[in-house]
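Chemist: Attaching a single structure in structure tokens format; questions to follow.
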Amino acid sequence: MSGSPSGSLVSAGLVPAGPVNFLDGVRLVDHHCHSVVDGPLDRAGFEALLTEGAAPAAGTSSFDSALGFSVRRWCAPALDLPAHAAPDDYLARRAELGPDEVNRRFLGGAGVGALLVDHGFAAGDLLAPAALGTAAGAPVGDVVRLEAVAEAVADAGVDAAGYGEALREAVAARTDGAADPVPVATKSVLAYRAGLDVDPTRPEPAQVEQAAGRWLRDRADTGAPLRDPVLLRHGLWAGLDTGLPLQLHTGFGDRDEDLHRANPALLIDLARLVEPLGVPLMLLHCYPYHREAAWLAQVFAVVHVDVGLAVPHIGARAATVVAELLELAPYGKVLYSSDAFGLPELHLLGALRFRSALGGLLEHLCATDELAPADAERVATMIGTDNARRVYGRMPG
């Protein structure tokens with residue numbers, strides 16, 4: 001890997017030192033991530049969190065992947081094991097240390113200055129945000145998942161006629177600046193629930209009422225999640241009405257989405273509607289459509305991008321993807337995220353791979369006289385922390 005992942009990691013002896021990296025000492029703002037498992041994991045449980053798939057194929061292991069080998073190479077030293085430790089040895093040492101110590105080592109080792117956390121999925125099995133922040137040594141902000149708010153409104157008891165206003169009120173309450181942790185953004189998983197190729201316009205109240213009647217009956221009967229495009233659009237606009245940045249999952253994810261309908265280029269009509277409002281649209285992950293996302297970030301002032309989920313999953317190839325994103329995306333529109341979920345290792349690997357990828361690119365641009373060192377240092381800080389603090393405005397801590 002080009003460059004050292006982090007000055008704190010090097011000084012702690014968790015990873016070897018390397019050439020000077022412009023991100024050394026920069027405490028990254030992870031502008032989109034999740035919490036980690038609050039308890040021990042057996043091998044099956046650990047491997048399930050190494051993939052976006054349901055399970056590895058029979059007779060194979062999730063360790064035999066770019067992410068699996070990254071864990072053995074870069075995470076093993078954080079557990080006082082040699083690099084490339086065998087999976088059984090790795091998991092045995094992990095169990096010996098226990099979840100609290102493992103979480104502390106990996107979360108603290110990531111070197112982040114703030115975590116913006118979506119705690120609206122599988123939260124019952126994960127550390128609470130305050131405990132996550134303690135383990136990471138960083139303040140936590142709340143990313144409000146709009147679909148989770150909608151389902152809570154439905155479950156609290158509301159009729160179809162009252163659903164539209166009830167959701168708007170619930171989103172406004174959840175994003176109140178006095179809440180703890182402080183709400184910093186809203187988020188939609190529209191890509192999973194309906195695809196990004198839906199009509200992006202704000203639905204009429206009569207449309208919302210009609211759609212709500214259908215969904216509320218289905219949810220009462222079967223527990224159906226929110227998938228109706230009209231209600232998903234209503235939720236998007238409830239989020240936009242808060243004025244907070246709106247995060248949108250795009251690109252790579254699990255098999256609940258149709259990948260071709262998660263292409264961020266499909267959001268062009270939404271971007272045209274939102275541009276006059278000035279509300280930032282934060283396109284998450286984007287891979288393998290990161291070049292399309294980069295174009296959107298260049299042509300729309302409100303669009304910002306990351307390659308979060310891909311970075312730890314694709315191992316050393318993260319350097320190529322980060323470079324491809326920065327071919328076209330303005331440097332002031334690119335942010336860091338890990339999208340880590342479940343495994344604290346993903347928080348460490350996301351930060352380590354991103355530091356290496358961006359730092360290595362900046363080193364190369366300086367070596368070829370495409371960039372002055374002072375500008376490289378400024379770009380590293382811009383992408384690593386300053387862009388997030390500027391765009392989100394309301395930040396924890």
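Residue names in the structure tokens use chain letters A, B, ... in the order shown, residue numbers from 1 in each chain, and ligand numbers from 1 in the order shown.
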Tell me which protein, DNA and RNA residues are within 12 Å of His313 in chain A, counting only C-alpha atoms, leaving out same-chain ones fewer than 2 positions away, and put them as a ChimeraX atom specification.
Modeler: /A:49-52,62-71,252-253,285,287,307-311,315-318,321,338-340,345-347,349-350,353-354
Chemist: Please produce a file of those selected residues containing C-alpha atoms, as a tab-separated table (two decimals), in the first residue's frame.
Modeler:
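Generated output (again_11.tsv):
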```
chain	number	residue	atom	x	y	z
A	49	LEU	CA	-20.60	-9.50	7.88
A	50	LEU	CA	-17.69	-9.84	5.43
A	51	THR	CA	-20.02	-9.86	2.43
A	52	GLU	CA	-23.06	-8.08	1.06
A	62	SER	CA	-15.99	-15.15	2.95
A	63	PHE	CA	-12.37	-14.80	4.06
A	64	ASP	CA	-11.38	-15.71	0.48
A	65	SER	CA	-12.17	-12.24	-0.85
A	66	ALA	CA	-10.40	-8.90	-1.14
A	67	LEU	CA	-12.05	-7.84	2.13
A	68	GLY	CA	-11.24	-11.11	3.88
A	69	PHE	CA	-7.57	-10.91	2.98
A	70	SER	CA	-7.50	-7.24	4.00
A	71	VAL	CA	-8.78	-8.21	7.45
A	252	PHE	CA	-23.13	-1.28	-4.62
A	253	GLY	CA	-25.29	-2.92	-1.97
A	285	HIS	CA	-21.05	4.61	-2.33
A	287	TYR	CA	-19.45	2.18	-7.18
A	307	VAL	CA	-17.12	5.75	-2.69
A	308	GLY	CA	-17.66	4.59	0.89
A	309	LEU	CA	-18.92	1.03	0.84
A	310	ALA	CA	-16.60	-0.04	-1.96
A	311	VAL	CA	-13.35	1.11	-0.34
A	315	GLY	CA	-8.93	-4.01	-1.05
A	316	ALA	CA	-5.89	-2.59	-2.79
A	317	ARG	CA	-8.02	-1.66	-5.82
A	318	ALA	CA	-9.47	1.16	-3.73
A	321	VAL	CA	-11.55	3.72	-7.68
A	338	SER	CA	-16.66	3.93	5.52
A	339	ASP	CA	-20.29	2.71	5.52
A	340	ALA	CA	-18.95	0.28	8.13
A	345	GLU	CA	-12.76	-3.92	11.45
A	346	LEU	CA	-14.64	-2.14	8.67
A	347	HIS	CA	-14.21	1.20	10.43
A	349	LEU	CA	-10.17	-0.72	7.03
A	350	GLY	CA	-12.31	2.04	5.55
A	353	ARG	CA	-7.67	2.14	2.67
A	354	PHE	CA	-8.98	5.66	2.05
```
Chemist: Can you tell me which residues surround range 188-195 of chain A at a distance of at most 6 Å, considering only C-alpha atoms, apart from same-chain residues fewer than 6 positions away, and format the answer as a PyMOL selection string?
Modeler: chain A and resi 145-146+227+248-249+256-257+261-262
Chemist: Using DSSP on the backbone coordinates, identify the residues of range 136-244 of chain A assigned to strand (DSSP E); present them as a list in words.
Modeler: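 The strand (DSSP E) residues within range 136-244 of chain A come out as Val140, Gly141, Asp142, Val143, Val144, Arg145, Pro183, Val184, Ala185, Thr186, Lys187 and Ser188 of chain A.
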Chemist: What's the 12 Å shell around Leu283 in chain A, counting only C-alpha atoms, without same-chain residues fewer than 6 positions away, as a PDB file with N, CA and C atoms, in the first residue's frame?
Modeler:
```pdb
ATOM      1  N   HIS A  31     -18.643  10.509   7.096  1.00  0.00           N
ATOM      2  CA  HIS A  31     -19.945  11.171   6.965  1.00  0.00           C
ATOM      3  C   HIS A  31     -21.100  10.192   6.751  1.00  0.00           C
ATOM      4  N   HIS A  32     -20.792   8.887   6.671  1.00  0.00           N
ATOM      5  CA  HIS A  32     -21.876   7.901   6.648  1.00  0.00           C
ATOM      6  C   HIS A  32     -21.348   6.551   7.105  1.00  0.00           C
ATOM      7  N   LYS A 187     -31.701  10.498   5.360  1.00  0.00           N
ATOM      8  CA  LYS A 187     -31.196   9.503   4.411  1.00  0.00           C
ATOM      9  C   LYS A 187     -32.362   8.692   3.872  1.00  0.00           C
ATOM     10  N   SER A 188     -32.256   8.314   2.585  1.00  0.00           N
ATOM     11  CA  SER A 188     -33.242   7.419   1.993  1.00  0.00           C
ATOM     12  C   SER A 188     -32.555   6.222   1.363  1.00  0.00           C
ATOM     13  N   VAL A 189     -33.210   5.061   1.500  1.00  0.00           N
ATOM     14  CA  VAL A 189     -32.779   3.852   0.801  1.00  0.00           C
ATOM     15  C   VAL A 189     -33.754   3.564  -0.339  1.00  0.00           C
ATOM     16  N   LEU A 190     -34.163   4.620  -1.030  1.00  0.00           N
ATOM     17  CA  LEU A 190     -35.019   4.507  -2.201  1.00  0.00           C
ATOM     18  C   LEU A 190     -34.483   3.482  -3.192  1.00  0.00           C
ATOM     19  N   ALA A 191     -33.157   3.423  -3.359  1.00  0.00           N
ATOM     20  CA  ALA A 191     -32.562   2.489  -4.323  1.00  0.00           C
ATOM     21  C   ALA A 191     -32.946   1.057  -4.012  1.00  0.00           C
ATOM     22  N   LEU A 196     -33.967   4.062  -8.196  1.00  0.00           N
ATOM     23  CA  LEU A 196     -33.775   5.501  -8.324  1.00  0.00           C
ATOM     24  C   LEU A 196     -34.489   6.084  -9.544  1.00  0.00           C
ATOM     25  N   PRO A 245     -28.866  18.164   4.741  1.00  0.00           N
ATOM     26  CA  PRO A 245     -28.421  17.337   3.619  1.00  0.00           C
ATOM     27  C   PRO A 245     -29.201  16.027   3.558  1.00  0.00           C
ATOM     28  N   LEU A 246     -29.469  15.579   2.334  1.00  0.00           N
ATOM     29  CA  LEU A 246     -30.170  14.320   2.109  1.00  0.00           C
ATOM     30  C   LEU A 246     -29.194  13.308   1.549  1.00  0.00           C
ATOM     31  N   GLN A 247     -28.939  12.243   2.294  1.00  0.00           N
ATOM     32  CA  GLN A 247     -28.085  11.157   1.834  1.00  0.00           C
ATOM     33  C   GLN A 247     -28.926  10.138   1.064  1.00  0.00           C
ATOM     34  N   LEU A 248     -28.368   9.659  -0.044  1.00  0.00           N
ATOM     35  CA  LEU A 248     -29.052   8.676  -0.882  1.00  0.00           C
ATOM     36  C   LEU A 248     -28.116   7.518  -1.173  1.00  0.00           C
ATOM     37  N   HIS A 249     -28.548   6.313  -0.807  1.00  0.00           N
ATOM     38  CA  HIS A 249     -27.771   5.132  -1.191  1.00  0.00           C
ATOM     39  C   HIS A 249     -27.813   5.001  -2.710  1.00  0.00           C
ATOM     40  N   THR A 250     -26.641   4.797  -3.315  1.00  0.00           N
ATOM     41  CA  THR A 250     -26.548   4.506  -4.744  1.00  0.00           C
ATOM     42  C   THR A 250     -25.522   3.398  -4.934  1.00  0.00           C
ATOM     43  N   GLY A 251     -25.611   2.703  -6.066  1.00  0.00           N
ATOM     44  CA  GLY A 251     -24.597   1.719  -6.419  1.00  0.00           C
ATOM     45  C   GLY A 251     -24.593   0.495  -5.526  1.00  0.00           C
ATOM     46  N   PHE A 252     -23.401  -0.032  -5.302  1.00  0.00           N
ATOM     47  CA  PHE A 252     -23.134  -1.284  -4.619  1.00  0.00           C
ATOM     48  C   PHE A 252     -23.930  -1.429  -3.327  1.00  0.00           C
ATOM     49  N   ALA A 262     -29.918   1.372  -9.334  1.00  0.00           N
ATOM     50  CA  ALA A 262     -29.246   2.141  -8.284  1.00  0.00           C
ATOM     51  C   ALA A 262     -28.150   3.035  -8.858  1.00  0.00           C
ATOM     52  N   ASN A 263     -28.133   3.184 -10.171  1.00  0.00           N
ATOM     53  CA  ASN A 263     -27.155   4.038 -10.837  1.00  0.00           C
ATOM     54  C   ASN A 263     -27.453   5.499 -10.487  1.00  0.00           C
ATOM     55  N   PRO A 264     -26.496   6.229  -9.911  1.00  0.00           N
ATOM     56  CA  PRO A 264     -26.774   7.620  -9.523  1.00  0.00           C
ATOM     57  C   PRO A 264     -27.156   8.517 -10.691  1.00  0.00           C
ATOM     58  N   ALA A 265     -26.811   8.137 -11.928  1.00  0.00           N
ATOM     59  CA  ALA A 265     -27.215   8.946 -13.076  1.00  0.00           C
ATOM     60  C   ALA A 265     -28.728   9.058 -13.166  1.00  0.00           C
ATOM     61  N   LEU A 266     -29.454   8.103 -12.574  1.00  0.00           N
ATOM     62  CA  LEU A 266     -30.910   8.149 -12.586  1.00  0.00           C
ATOM     63  C   LEU A 266     -31.468   9.269 -11.711  1.00  0.00           C
ATOM     64  N   LEU A 267     -30.618   9.905 -10.931  1.00  0.00           N
ATOM     65  CA  LEU A 267     -31.067  10.980 -10.037  1.00  0.00           C
ATOM     66  C   LEU A 267     -31.003  12.360 -10.683  1.00  0.00           C
ATOM     67  N   ILE A 268     -30.754  12.422 -11.980  1.00  0.00           N
ATOM     68  CA  ILE A 268     -30.569  13.733 -12.608  1.00  0.00           C
ATOM     69  C   ILE A 268     -31.813  14.612 -12.483  1.00  0.00           C
ATOM     70  N   ALA A 271     -31.970  15.955  -9.009  1.00  0.00           N
ATOM     71  CA  ALA A 271     -30.976  17.018  -8.841  1.00  0.00           C
ATOM     72  C   ALA A 271     -31.466  18.330  -9.455  1.00  0.00           C
ATOM     73  N   TYR A 289     -20.688   2.836 -10.352  1.00  0.00           N
ATOM     74  CA  TYR A 289     -21.120   3.980 -11.160  1.00  0.00           C
ATOM     75  C   TYR A 289     -20.486   5.273 -10.653  1.00  0.00           C
ATOM     76  N   HIS A 290     -19.274   5.178 -10.105  1.00  0.00           N
ATOM     77  CA  HIS A 290     -18.666   6.348  -9.485  1.00  0.00           C
ATOM     78  C   HIS A 290     -18.307   7.421 -10.510  1.00  0.00           C
ATOM     79  N   GLU A 292     -20.209   8.153 -13.182  1.00  0.00           N
ATOM     80  CA  GLU A 292     -21.472   8.863 -13.383  1.00  0.00           C
ATOM     81  C   GLU A 292     -21.740   9.815 -12.227  1.00  0.00           C
ATOM     82  N   ALA A 293     -21.468   9.348 -11.005  1.00  0.00           N
ATOM     83  CA  ALA A 293     -21.658  10.201  -9.829  1.00  0.00           C
ATOM     84  C   ALA A 293     -20.729  11.409  -9.879  1.00  0.00           C
ATOM     85  N   ALA A 294     -19.500  11.200 -10.331  1.00  0.00           N
ATOM     86  CA  ALA A 294     -18.545  12.306 -10.436  1.00  0.00           C
ATOM     87  C   ALA A 294     -19.054  13.376 -11.403  1.00  0.00           C
ATOM     88  N   TRP A 295     -19.673  12.925 -12.499  1.00  0.00           N
ATOM     89  CA  TRP A 295     -20.244  13.889 -13.455  1.00  0.00           C
ATOM     90  C   TRP A 295     -21.364  14.702 -12.802  1.00  0.00           C
ATOM     91  N   LEU A 296     -22.250  14.015 -12.074  1.00  0.00           N
ATOM     92  CA  LEU A 296     -23.324  14.739 -11.391  1.00  0.00           C
ATOM     93  C   LEU A 296     -22.759  15.774 -10.419  1.00  0.00           C
ATOM     94  N   ALA A 297     -21.683  15.395  -9.706  1.00  0.00           N
ATOM     95  CA  ALA A 297     -21.079  16.328  -8.749  1.00  0.00           C
ATOM     96  C   ALA A 297     -20.478  17.526  -9.462  1.00  0.00           C
ATOM     97  N   VAL A 302     -25.377  21.166  -5.886  1.00  0.00           N
ATOM     98  CA  VAL A 302     -25.852  20.537  -4.652  1.00  0.00           C
ATOM     99  C   VAL A 302     -25.382  19.094  -4.487  1.00  0.00           C
ATOM    100  N   VAL A 303     -24.784  18.500  -5.501  1.00  0.00           N
ATOM    101  CA  VAL A 303     -24.436  17.077  -5.453  1.00  0.00           C
ATOM    102  C   VAL A 303     -23.020  16.885  -4.911  1.00  0.00           C
ATOM    103  N   HIS A 304     -22.910  15.964  -3.934  1.00  0.00           N
ATOM    104  CA  HIS A 304     -21.624  15.574  -3.347  1.00  0.00           C
ATOM    105  C   HIS A 304     -21.533  14.053  -3.380  1.00  0.00           C
ATOM    106  N   VAL A 305     -20.317  13.504  -3.355  1.00  0.00           N
ATOM    107  CA  VAL A 305     -20.142  12.075  -3.610  1.00  0.00           C
ATOM    108  C   VAL A 305     -19.106  11.456  -2.677  1.00  0.00           C
ATOM    109  N   ASP A 306     -19.230  10.132  -2.519  1.00  0.00           N
ATOM    110  CA  ASP A 306     -18.173   9.335  -1.911  1.00  0.00           C
ATOM    111  C   ASP A 306     -18.141   7.975  -2.589  1.00  0.00           C
ATOM    112  N   VAL A 307     -17.170   7.152  -2.222  1.00  0.00           N
ATOM    113  CA  VAL A 307     -17.121   5.754  -2.685  1.00  0.00           C
ATOM    114  C   VAL A 307     -17.045   4.831  -1.476  1.00  0.00           C
ATOM    115  N   GLY A 308     -17.783   5.208  -0.421  1.00  0.00           N
ATOM    116  CA  GLY A 308     -17.663   4.594   0.888  1.00  0.00           C
ATOM    117  C   GLY A 308     -17.674   3.091   0.959  1.00  0.00           C
ATOM    118  N   LEU A 309     -18.780   2.464   0.624  1.00  0.00           N
ATOM    119  CA  LEU A 309     -18.917   1.027   0.840  1.00  0.00           C
ATOM    120  C   LEU A 309     -17.888   0.231   0.058  1.00  0.00           C
ATOM    121  N   LYS A 333     -16.224  18.541  -3.594  1.00  0.00           N
ATOM    122  CA  LYS A 333     -17.501  17.821  -3.572  1.00  0.00           C
ATOM    123  C   LYS A 333     -17.338  16.360  -3.153  1.00  0.00           C
ATOM    124  N   VAL A 334     -16.132  15.960  -2.761  1.00  0.00           N
ATOM    125  CA  VAL A 334     -15.838  14.561  -2.410  1.00  0.00           C
ATOM    126  C   VAL A 334     -15.642  14.456  -0.906  1.00  0.00           C
ATOM    127  N   LEU A 335     -16.244  13.409  -0.296  1.00  0.00           N
ATOM    128  CA  LEU A 335     -16.159  13.203   1.145  1.00  0.00           C
ATOM    129  C   LEU A 335     -15.704  11.780   1.438  1.00  0.00           C
ATOM    130  N   TYR A 336     -15.316  11.562   2.679  1.00  0.00           N
ATOM    131  CA  TYR A 336     -14.948  10.221   3.138  1.00  0.00           C
ATOM    132  C   TYR A 336     -16.120   9.585   3.866  1.00  0.00           C
ATOM    133  N   SER A 337     -16.378   8.317   3.567  1.00  0.00           N
ATOM    134  CA  SER A 337     -17.243   7.503   4.414  1.00  0.00           C
ATOM    135  C   SER A 337     -16.747   6.077   4.388  1.00  0.00           C
TER     136      SER A 337
END
```
Chemist: Between range 52-156 of chain A and range 168-186 of chain A, at 6 Å or less, what are the per-residue closest atom pairs and their distances in Å? Count only C-alpha atoms, order by chain and rising residue number, and return it as a tab-separated table.
Modeler:
```
residue	atom	partner	partner_atom	distance
A:Gly141	CA	A:Val182	CA	5.2
A:Asp142	CA	A:Pro183	CA	4.4
A:Val143	CA	A:Ala185	CA	4.9
A:Val144	CA	A:Thr186	CA	4.5
A:Arg145	CA	A:Thr186	CA	5.9
```
Chemist: Give me a file of those residues, with C-alpha atoms, as a short mmCIF file (atom, residue, chain, number, x, y, z; two decimals), in the first residue's frame.
Modeler:
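Written out: again16.cif:
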```
data_model
loop_
_atom_site.label_atom_id
_atom_site.label_comp_id
_atom_site.auth_asym_id
_atom_site.auth_seq_id
_atom_site.Cartn_x
_atom_site.Cartn_y
_atom_site.Cartn_z
CA GLY A 141 -24.10 12.72 14.73
CA ASP A 142 -27.44 11.18 13.77
CA VAL A 143 -28.38 10.40 10.16
CA VAL A 144 -32.17 10.03 10.21
CA ARG A 145 -33.32 7.16 7.96
#
```
Chemist: So the first atom is CA of Ala58 in chain A and the second is CA of Asp258 in chain A; what is the distance between them in Å, to one decimal place?
Modeler: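 Between CA of Ala58 in chain A and CA of Asp258 in chain A the gap works out to 24.0 Å.
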Chemist: With only C-alpha atoms as the basis for distance, which of A:Val26, A:Met382, A:Gly45, A:Asp100 is at the shortest distance from Ala114 in chain A?
Modeler: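 With only C-alpha atoms as the atom set, the closest residue is A:Val26.
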Chemist: Between CA of Ala123 in chain A and CA of Val158 in chain A, what is the distance in Å, rounded to a tenth?
Modeler: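 Going from CA of Ala123 in chain A over to CA of Val158 in chain A, I get 23.9 Å.
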Chemist: Based on DSSP run over this structure's backbone, return all residues of range 278-383 of chain A in alpha helix (DSSP H), as a ChimeraX atom specification.
Modeler: /A:290-299,310-313,318-325,344-367,373-381
Chemist: Calculated over only C-alpha atoms, which of the candidates A:Gly384, A:Gly397, A:Gly109, A:Pro344 has the smallest distance to Arg94 in chain A?
Modeler: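 Counting only C-alpha atoms, the residue closest to Arg94 in chain A is A:Pro344.
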Chemist: Excluding same-chain residues fewer than 6 positions from range 165-167 of chain A, what lies within 10 Å of it counting only C-alpha atoms, as a JSON list (two decimals) with C-alpha atoms, in the first residue's frame?
Modeler:
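Result file result-v4.json:
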```json
[["chain", "number", "residue", "atom", "x", "y", "z"],
["A", 146, "LEU", "CA", -36.59, 8.34, 6.42],
["A", 149, "VAL", "CA", -39.37, 7.05, 10.50],
["A", 150, "ALA", "CA", -42.21, 6.24, 8.12],
["A", 151, "GLU", "CA", -42.54, 2.71, 9.45],
["A", 152, "ALA", "CA", -42.55, 3.98, 13.03],
["A", 153, "VAL", "CA", -45.35, 6.41, 12.14],
["A", 154, "ALA", "CA", -47.36, 3.58, 10.60],
["A", 158, "VAL", "CA", -52.41, 6.61, 11.94],
["A", 159, "ASP", "CA", -55.09, 6.56, 9.26],
["A", 173, "ALA", "CA", -39.24, 16.23, 15.27],
["A", 205, "PRO", "CA", -51.80, 14.91, -0.92],
["A", 208, "VAL", "CA", -50.25, 10.14, -0.59],
["A", 231, "LEU", "CA", -44.81, 7.23, -0.17],
["A", 234, "HIS", "CA", -43.26, 11.81, 0.06],
["A", 235, "GLY", "CA", -40.57, 10.81, 2.54],
["A", 238, "ALA", "CA", -40.22, 15.53, 3.99],
["A", 239, "GLY", "CA", -36.47, 15.14, 4.36]]
```
Chemist: Work out how far apart CA of Ala206 in chain A and CA of Leu236 in chain A are and give it in Å to one decimal.
Modeler: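 Separation between CA of Ala206 in chain A and CA of Leu236 in chain A: 17.0 Å.
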Chemist: Excluding same-chain residues fewer than 3 positions from Pro139 in chain A, what lies within 8 Å of it counting only C-alpha atoms, as a PDB file with C-alpha atoms, in the first residue's frame?
Modeler:
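Printed below is around_31.pdb as written:
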```
ATOM      1  CA  GLY A 113     -12.779  13.088  14.250  1.00  0.00           C
ATOM      2  CA  ALA A 114     -16.545  12.562  13.918  1.00  0.00           C
ATOM      3  CA  LEU A 115     -18.965   9.785  12.988  1.00  0.00           C
ATOM      4  CA  GLY A 133     -18.642   7.337  20.047  1.00  0.00           C
ATOM      5  CA  THR A 134     -16.922   6.411  23.315  1.00  0.00           C
ATOM      6  CA  PRO A 396     -21.538  16.868  16.641  1.00  0.00           C
ATOM      7  CA  GLY A 397     -19.033  17.832  19.267  1.00  0.00           C
TER       8      GLY A 397
END
```
Chemist: List the neighbours of Phe341 in chain A out to 7 Å using only C-alpha atoms; skip same-chain residues closer than 3 positions along the sequence, and give me the result as a list of chain:residue names.
Modeler: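 Contacts, with the query itself left out: A:Cys33, A:His34, A:Ser35, A:Val36.
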Chemist: With C-alpha atoms retained, could you export that selection as an mmCIF file, in the first residue's frame?
Modeler:
```
data_model
loop_
_atom_site.group_PDB
_atom_site.id
_atom_site.type_symbol
_atom_site.label_atom_id
_atom_site.label_comp_id
_atom_site.auth_asym_id
_atom_site.auth_seq_id
_atom_site.Cartn_x
_atom_site.Cartn_y
_atom_site.Cartn_z
ATOM 1 C CA CYS A 33 -21.472 4.777 8.741
ATOM 2 C CA HIS A 34 -23.326 2.403 11.050
ATOM 3 C CA SER A 35 -22.665 0.960 14.476
ATOM 4 C CA VAL A 36 -20.999 -2.340 15.347
#
```
